[in-house]
>>> print(open('work.csv').read())   # CSV, C-alpha atoms
chain,number,residue,atom,x,y,z
A,10,PHE,CA,-0.9,-52.4,26.2
A,11,ALA,CA,-4.6,-53.4,26.3
A,12,LEU,CA,-7.2,-51.4,28.0
A,13,ALA,CA,-10.9,-50.5,28.0
A,14,ALA,CA,-12.3,-54.1,27.9
A,15,ARG,CA,-15.9,-54.4,27.1
A,16,PHE,CA,-16.4,-58.1,27.3
A,17,THR,CA,-19.2,-60.3,28.7
A,18,ASP,CA,-19.1,-63.1,31.2
A,19,HIS,CA,-19.7,-65.4,28.2
A,20,ASN,CA,-16.8,-64.2,26.0
A,21,VAL,CA,-14.2,-62.9,28.4
A,22,HIS,CA,-11.9,-65.9,28.2
A,23,ASP,CA,-12.0,-66.2,24.4
A,24,ARG,CA,-11.4,-62.4,24.1
A,25,VAL,CA,-8.4,-62.5,26.5
A,26,ARG,CA,-6.9,-65.5,24.7
A,27,HIS,CA,-7.3,-63.7,21.3
A,28,ILE,CA,-5.7,-60.5,22.5
A,29,LYS,CA,-2.8,-62.4,24.1
A,30,SER,CA,-2.3,-64.2,20.8
A,31,LEU,CA,-1.9,-60.9,18.9
A,32,PHE,CA,1.0,-59.9,21.1
A,33,ASP,CA,2.5,-63.4,21.2
A,34,ARG,CA,2.5,-63.6,17.4
A,35,PHE,CA,5.1,-60.8,17.3
A,36,HIS,CA,6.8,-61.7,20.5
A,37,LEU,CA,5.9,-58.4,22.0
A,38,PRO,CA,5.5,-57.8,25.7
A,39,PHE,CA,2.4,-56.0,26.9
A,40,SER,CA,0.5,-54.8,29.9
A,41,TRP,CA,-3.2,-55.0,30.4
A,42,TRP,CA,-4.6,-52.1,32.3
A,43,VAL,CA,-7.7,-52.9,34.3
A,44,SER,CA,-10.1,-50.3,35.8
A,45,GLU,CA,-13.5,-50.1,37.4
A,46,ALA,CA,-14.9,-49.2,33.9
A,47,ASP,CA,-13.9,-52.5,32.4
A,48,SER,CA,-16.3,-55.3,31.9
A,49,PRO,CA,-17.0,-57.9,33.1
A,50,SER,CA,-16.3,-56.9,36.7
A,51,ASN,CA,-14.2,-60.1,37.2
A,52,LEU,CA,-11.8,-59.2,34.3
A,53,GLY,CA,-8.9,-59.3,36.7
A,54,ASP,CA,-9.7,-62.9,37.7
A,55,ALA,CA,-10.1,-63.9,34.1
A,56,LEU,CA,-6.7,-62.5,33.2
A,57,LEU,CA,-5.1,-64.4,36.1
A,58,ASN,CA,-6.9,-67.6,34.9
A,59,GLU,CA,-5.3,-67.1,31.4
A,60,GLY,CA,-1.8,-67.0,32.8
A,61,LEU,CA,-1.2,-63.3,33.2
A,62,TYR,CA,-0.1,-61.9,36.6
A,63,PHE,CA,-0.7,-58.8,38.6
A,64,LYS,CA,2.4,-56.5,38.3
A,65,GLU,CA,1.6,-53.1,39.7
A,66,LYS,CA,-1.1,-50.7,40.8
A,67,ASN,CA,-0.6,-47.4,39.0
A,68,ILE,CA,-1.5,-44.2,40.7
A,69,GLY,CA,-2.1,-41.1,38.5
A,70,MET,CA,-1.1,-37.6,39.3
A,71,PHE,CA,-2.6,-34.3,38.1
A,72,LEU,CA,-1.6,-30.7,38.0
A,73,HIS,CA,-3.7,-27.6,37.5
A,74,LEU,CA,-1.8,-25.9,34.8
A,75,ASN,CA,-2.6,-22.4,36.1
A,76,ASP,CA,-0.3,-23.4,39.1
A,77,PHE,CA,2.5,-24.3,36.7
A,78,THR,CA,5.5,-22.1,35.9
A,79,PRO,CA,7.8,-23.6,33.3
A,80,ALA,CA,11.5,-23.6,33.9
A,81,PRO,CA,13.6,-22.0,31.2
A,82,PRO,CA,14.5,-24.6,28.5
A,83,LEU,CA,17.9,-26.2,28.5
A,84,SER,CA,19.9,-24.6,25.7
A,85,SER,CA,21.6,-27.9,25.1
A,86,LEU,CA,18.4,-29.5,23.9
A,87,VAL,CA,16.6,-29.1,20.6
A,88,PHE,CA,12.9,-30.1,20.8
A,89,GLN,CA,11.0,-31.1,17.7
A,90,ARG,CA,7.6,-32.6,17.1
A,91,VAL,CA,7.6,-36.0,15.4
A,92,GLU,CA,5.9,-35.6,12.0
A,93,SER,CA,7.7,-37.9,9.7
A,94,ALA,CA,8.5,-41.6,9.5
A,95,ALA,CA,12.2,-40.9,10.0
A,96,GLN,CA,11.5,-39.0,13.2
A,97,LEU,CA,9.1,-41.7,14.3
A,98,LYS,CA,11.9,-44.3,13.9
A,99,SER,CA,14.2,-42.1,16.1
A,100,PHE,CA,11.4,-41.9,18.7
A,101,ALA,CA,11.1,-45.7,18.7
A,102,THR,CA,14.9,-46.1,19.0
A,103,VAL,CA,14.9,-44.0,22.2
A,104,ILE,CA,12.0,-46.0,23.6
A,105,GLU,CA,13.9,-49.2,22.7
A,106,SER,CA,17.0,-48.0,24.6
A,107,VAL,CA,15.0,-47.8,27.8
A,108,GLY,CA,13.7,-51.4,27.5
A,109,GLY,CA,11.1,-51.1,24.8
A,110,SER,CA,10.8,-53.9,22.2
A,111,PRO,CA,13.2,-53.8,19.3
A,112,LEU,CA,10.2,-54.8,17.2
A,113,ALA,CA,8.1,-51.9,18.2
A,114,PHE,CA,8.9,-49.7,15.2
A,115,GLU,CA,8.5,-52.5,12.7
A,116,CYS,CA,5.3,-54.0,14.2
A,117,ILE,CA,3.6,-50.9,15.6
A,118,TYR,CA,5.0,-47.4,14.9
A,119,SER,CA,5.7,-47.9,11.2
A,120,HIS,CA,2.0,-48.8,10.7
A,121,LEU,CA,0.7,-45.5,12.2
A,122,PRO,CA,-0.6,-43.2,9.6
A,123,PRO,CA,0.7,-39.7,10.0
A,124,SER,CA,-2.8,-38.4,10.4
A,125,ILE,CA,-2.6,-39.8,14.0
A,126,TYR,CA,0.4,-37.8,15.1
A,127,ALA,CA,1.2,-35.1,12.6
A,128,GLY,CA,-0.6,-31.8,12.0
A,129,ASP,CA,-3.5,-30.7,14.1
A,130,THR,CA,-4.1,-33.8,16.1
A,131,SER,CA,-4.7,-34.6,19.8
A,132,VAL,CA,-1.6,-36.9,19.9
A,133,GLU,CA,1.7,-35.1,19.7
A,134,LEU,CA,5.0,-37.1,19.9
A,135,TYR,CA,8.2,-35.2,20.7
A,136,LEU,CA,11.9,-35.8,20.5
A,137,ALA,CA,14.6,-33.7,22.0
A,138,ASN,CA,18.1,-33.9,20.5
A,139,PHE,CA,21.3,-33.5,22.5
A,140,GLU,CA,24.3,-32.7,20.4
A,141,GLY,CA,22.4,-33.8,17.3
A,142,ARG,CA,21.4,-37.1,18.7
A,143,PRO,CA,17.7,-38.1,19.5
A,144,SER,CA,17.9,-38.5,23.2
A,145,ILE,CA,14.6,-37.8,25.0
A,146,THR,CA,11.0,-38.7,24.1
A,147,GLY,CA,7.6,-37.4,25.3
A,148,VAL,CA,4.0,-37.7,24.2
A,149,LEU,CA,1.2,-35.2,24.8
A,150,VAL,CA,-2.4,-36.4,24.4
A,151,THR,CA,-5.1,-33.7,24.7
A,152,HIS,CA,-8.8,-34.2,25.1
A,153,ALA,CA,-11.7,-32.9,27.2
A,154,ASN,CA,-9.6,-30.1,28.7
A,155,VAL,CA,-7.0,-32.6,30.0
A,156,ALA,CA,-3.5,-33.0,28.8
A,157,GLY,CA,-2.0,-36.5,29.4
A,158,ILE,CA,1.8,-36.9,29.4
A,159,TYR,CA,3.3,-40.2,28.5
A,160,TYR,CA,6.5,-41.9,27.3
A,161,VAL,CA,9.0,-39.4,28.9
A,162,ALA,CA,12.2,-41.4,28.4
A,163,THR,CA,15.9,-40.5,28.2
A,164,VAL,CA,18.5,-42.7,26.7
A,165,PRO,CA,20.4,-44.4,29.6
A,166,ASP,CA,23.8,-42.8,29.1
A,167,LEU,CA,22.3,-39.3,29.3
A,168,ARG,CA,20.3,-39.6,32.4
A,169,LYS,CA,20.8,-37.5,35.6
A,170,ARG,CA,21.2,-34.2,33.5
A,171,GLY,CA,17.7,-32.9,33.9
A,172,PHE,CA,16.6,-33.9,30.4
A,173,GLY,CA,13.5,-35.8,31.4
A,174,THR,CA,12.5,-32.8,33.6
A,175,ALA,CA,13.1,-30.5,30.6
A,176,MET,CA,10.8,-32.7,28.4
A,177,MET,CA,8.1,-32.6,31.1
A,178,HIS,CA,8.3,-28.8,31.3
A,179,TYR,CA,8.2,-28.6,27.5
A,180,LEU,CA,5.1,-30.8,27.3
A,181,LEU,CA,3.4,-29.0,30.2
A,182,GLN,CA,4.1,-25.6,28.6
A,183,ARG,CA,2.7,-26.9,25.3
A,184,ALA,CA,-0.5,-28.0,27.0
A,185,GLN,CA,-0.7,-24.6,28.8
A,186,ASN,CA,-0.2,-22.8,25.4
A,187,LYS,CA,-3.0,-24.9,23.8
A,188,GLY,CA,-5.3,-23.7,26.6
A,189,TYR,CA,-5.6,-26.9,28.7
A,190,SER,CA,-6.1,-26.4,32.4
A,191,ILE,CA,-5.3,-29.9,33.8
A,192,ALA,CA,-2.3,-32.2,33.1
A,193,THR,CA,-2.1,-35.8,34.1
A,194,LEU,CA,0.7,-38.2,34.5
A,195,GLN,CA,0.5,-41.9,35.1
>>> encode(input="work.csv", output="structure tokens")
Amino acid sequence: FALAARFTDHNVHDRVRHIKSLFDRFHLPFSWWVSEADSPSNLGDALLNEGLYFKEKNIGMFLHLNDFTPAPPLSSLVFQRVESAAQLKSFATVIESVGGSPLAFECIYSHLPPSIYAGDTSVELYLANFEGRPSITGVLVTHANVAGIYYVATVPDLRKRGFGTAMMHYLLQRAQNKGYSIATLQ
């Protein structure tokens, strides 16, 4: 995805074409998130003029973590933090199963240095295994006393078992344990 544009009226069309070309080169789908903080103020119109289209308006949710009581974890799931290339590959495979690009690992995830997601970082990627199989993903991003939750995904054949909810509870409890007071979900 693309976000946080800081363009000018003069360069907006060239910058949009350049960013589109980066995704097109690898045949990757992408979303461009536009907010009131982006510039120029007519960025949305510039994106439409470059052949992109308006897909959806996202609404965020938040939770005061002092109001949250986690459910007991499902004993059938084994949660683990992603801290190796092999785990990162499994993470990408789950994301692919729910409609992510089959090129995402090769083109994006495999290029991430472990310093971004392993150890004491503000980005924590998680996998939950069911019967030894990587089945659920989740990402926790913490900053400025806010814990953002992203990429909660369950492989299609294991849906409707409460696994996504279990991952949400796991991430919310992790944020609570780290001392964060607000969680967000988009």
>>> closest_residue(input="work.csv", among="A:Gln96, A:Thr163, A:Gln195, A:Asn58", to="Ser144 in chain A", atoms="all atoms listed in the file")
A:Thr163
>>> closest_atom_pairs(input="work.csv", of="range 100-158 of chain A", to="range 177-184 of chain A", cutoff="10 Å", atoms="only C-alpha atoms", output="tab-separated table")
residue	atom	partner	partner_atom	distance
A:Glu133	CA	A:Leu180	CA	9.4
A:Leu134	CA	A:Leu180	CA	9.7
A:Tyr135	CA	A:Leu180	CA	8.5
A:Ala137	CA	A:Tyr179	CA	9.9
A:Thr146	CA	A:Met177	CA	9.7
A:Gly147	CA	A:Leu180	CA	7.3
A:Val148	CA	A:Leu180	CA	7.6
A:Leu149	CA	A:Leu180	CA	6.4
A:Val150	CA	A:Ala184	CA	9.0
A:Thr151	CA	A:Ala184	CA	7.7
A:Asn154	CA	A:Ala184	CA	9.5
A:Val155	CA	A:Ala184	CA	8.5
A:Ala156	CA	A:Ala184	CA	6.1
A:Gly157	CA	A:Ala184	CA	9.0
A:Ile158	CA	A:Leu180	CA	7.2
>>> closest_residue(input="work.csv", among="A:His152, A:Lys66, A:His120, A:Arg168", to="Lys187 in chain A", atoms="only C-alpha atoms")
A:His152
>>> residues_around(input="work.csv", residues="range 173-175 of chain A", least_positions_apart="6", cutoff="12 Å", atoms="all atoms listed in the file", output="MDAnalysis selection string")
chainID A and resid 79:88 135:139 144:147 158:165 167 181:182
>>> closest_residue(input="work.csv", among="A:Met176, A:Leu37, A:Leu56, A:Glu45", to="Gly108 in chain A", atoms="only C-alpha atoms")
A:Leu37
>>> residues_around(input="work.csv", residues="Ser93 in chain A", least_positions_apart="4", cutoff="8 Å", atoms="all atoms listed in the file", output="list in words")
Leu97, Pro123 and Ala127 of chain A
>>> closest_residue(input="work.csv", among="A:Phe63, A:Phe71, A:Tyr118, A:Trp42", to="Ala11 in chain A", atoms="all atoms listed in the file")
A:Trp42
>>> closest_residue(input="work.csv", among="A:Ser110, A:Asn75, A:Thr130, A:Ser50", to="Tyr189 in chain A", atoms="all atoms listed in the file")
A:Asn75
>>> atom_distance(input="work.csv", atom1="CA of Val21 in chain A", atom2="CA of Arg34 in chain A")
20.0 Å
>>> residues_around(input="work.csv", residues="His36 in chain A", least_positions_apart="6", cutoff="12 Å", atoms="all atoms listed in the file", output="CSV table (one decimal) with C-alpha atoms, in the frame of the given file")
chain,number,residue,atom,x,y,z
A,29,LYS,CA,-2.8,-62.4,24.1
A,30,SER,CA,-2.3,-64.2,20.8
A,110,SER,CA,10.8,-53.9,22.2
A,111,PRO,CA,13.2,-53.8,19.3
A,112,LEU,CA,10.2,-54.8,17.2
A,113,ALA,CA,8.1,-51.9,18.2
A,116,CYS,CA,5.3,-54.0,14.2
>>> closest_residue(input="work.csv", among="A:Gly109, A:Gly171, A:Pro122, A:Gly69", to="Glu92 in chain A", atoms="all atoms listed in the file")
A:Pro122
>>> atom_distance(input="work.csv", atom1="CA of Gly141 in chain A", atom2="CA of Ser119 in chain A")
22.7 Å
>>> atom_distance(input="work.csv", atom1="CA of Pro49 in chain A", atom2="CA of Phe16 in chain A")
5.8 Å
>>> residues_around(input="work.csv", residues="Ser48 in chain A", least_positions_apart="4", cutoff="10 Å", atoms="all atoms listed in the file", output="ChimeraX atom specification")
/A:13-18,21,43-44,52-53
>>> write_last_selection(input="work.csv", atoms="C-alpha atoms", output="mmCIF file, in the coordinates of the input")
data_model
loop_
_atom_site.group_PDB
_atom_site.id
_atom_site.type_symbol
_atom_site.label_atom_id
_atom_site.label_comp_id
_atom_site.auth_asym_id
_atom_site.auth_seq_id
_atom_site.Cartn_x
_atom_site.Cartn_y
_atom_site.Cartn_z
ATOM 1 C CA ALA A 13 -10.900 -50.500 28.000
ATOM 2 C CA ALA A 14 -12.300 -54.100 27.900
ATOM 3 C CA ARG A 15 -15.900 -54.400 27.100
ATOM 4 C CA PHE A 16 -16.400 -58.100 27.300
ATOM 5 C CA THR A 17 -19.200 -60.300 28.700
ATOM 6 C CA ASP A 18 -19.100 -63.100 31.200
ATOM 7 C CA VAL A 21 -14.200 -62.900 28.400
ATOM 8 C CA VAL A 43 -7.700 -52.900 34.300
ATOM 9 C CA SER A 44 -10.100 -50.300 35.800
ATOM 10 C CA LEU A 52 -11.800 -59.200 34.300
ATOM 11 C CA GLY A 53 -8.900 -59.300 36.700
#
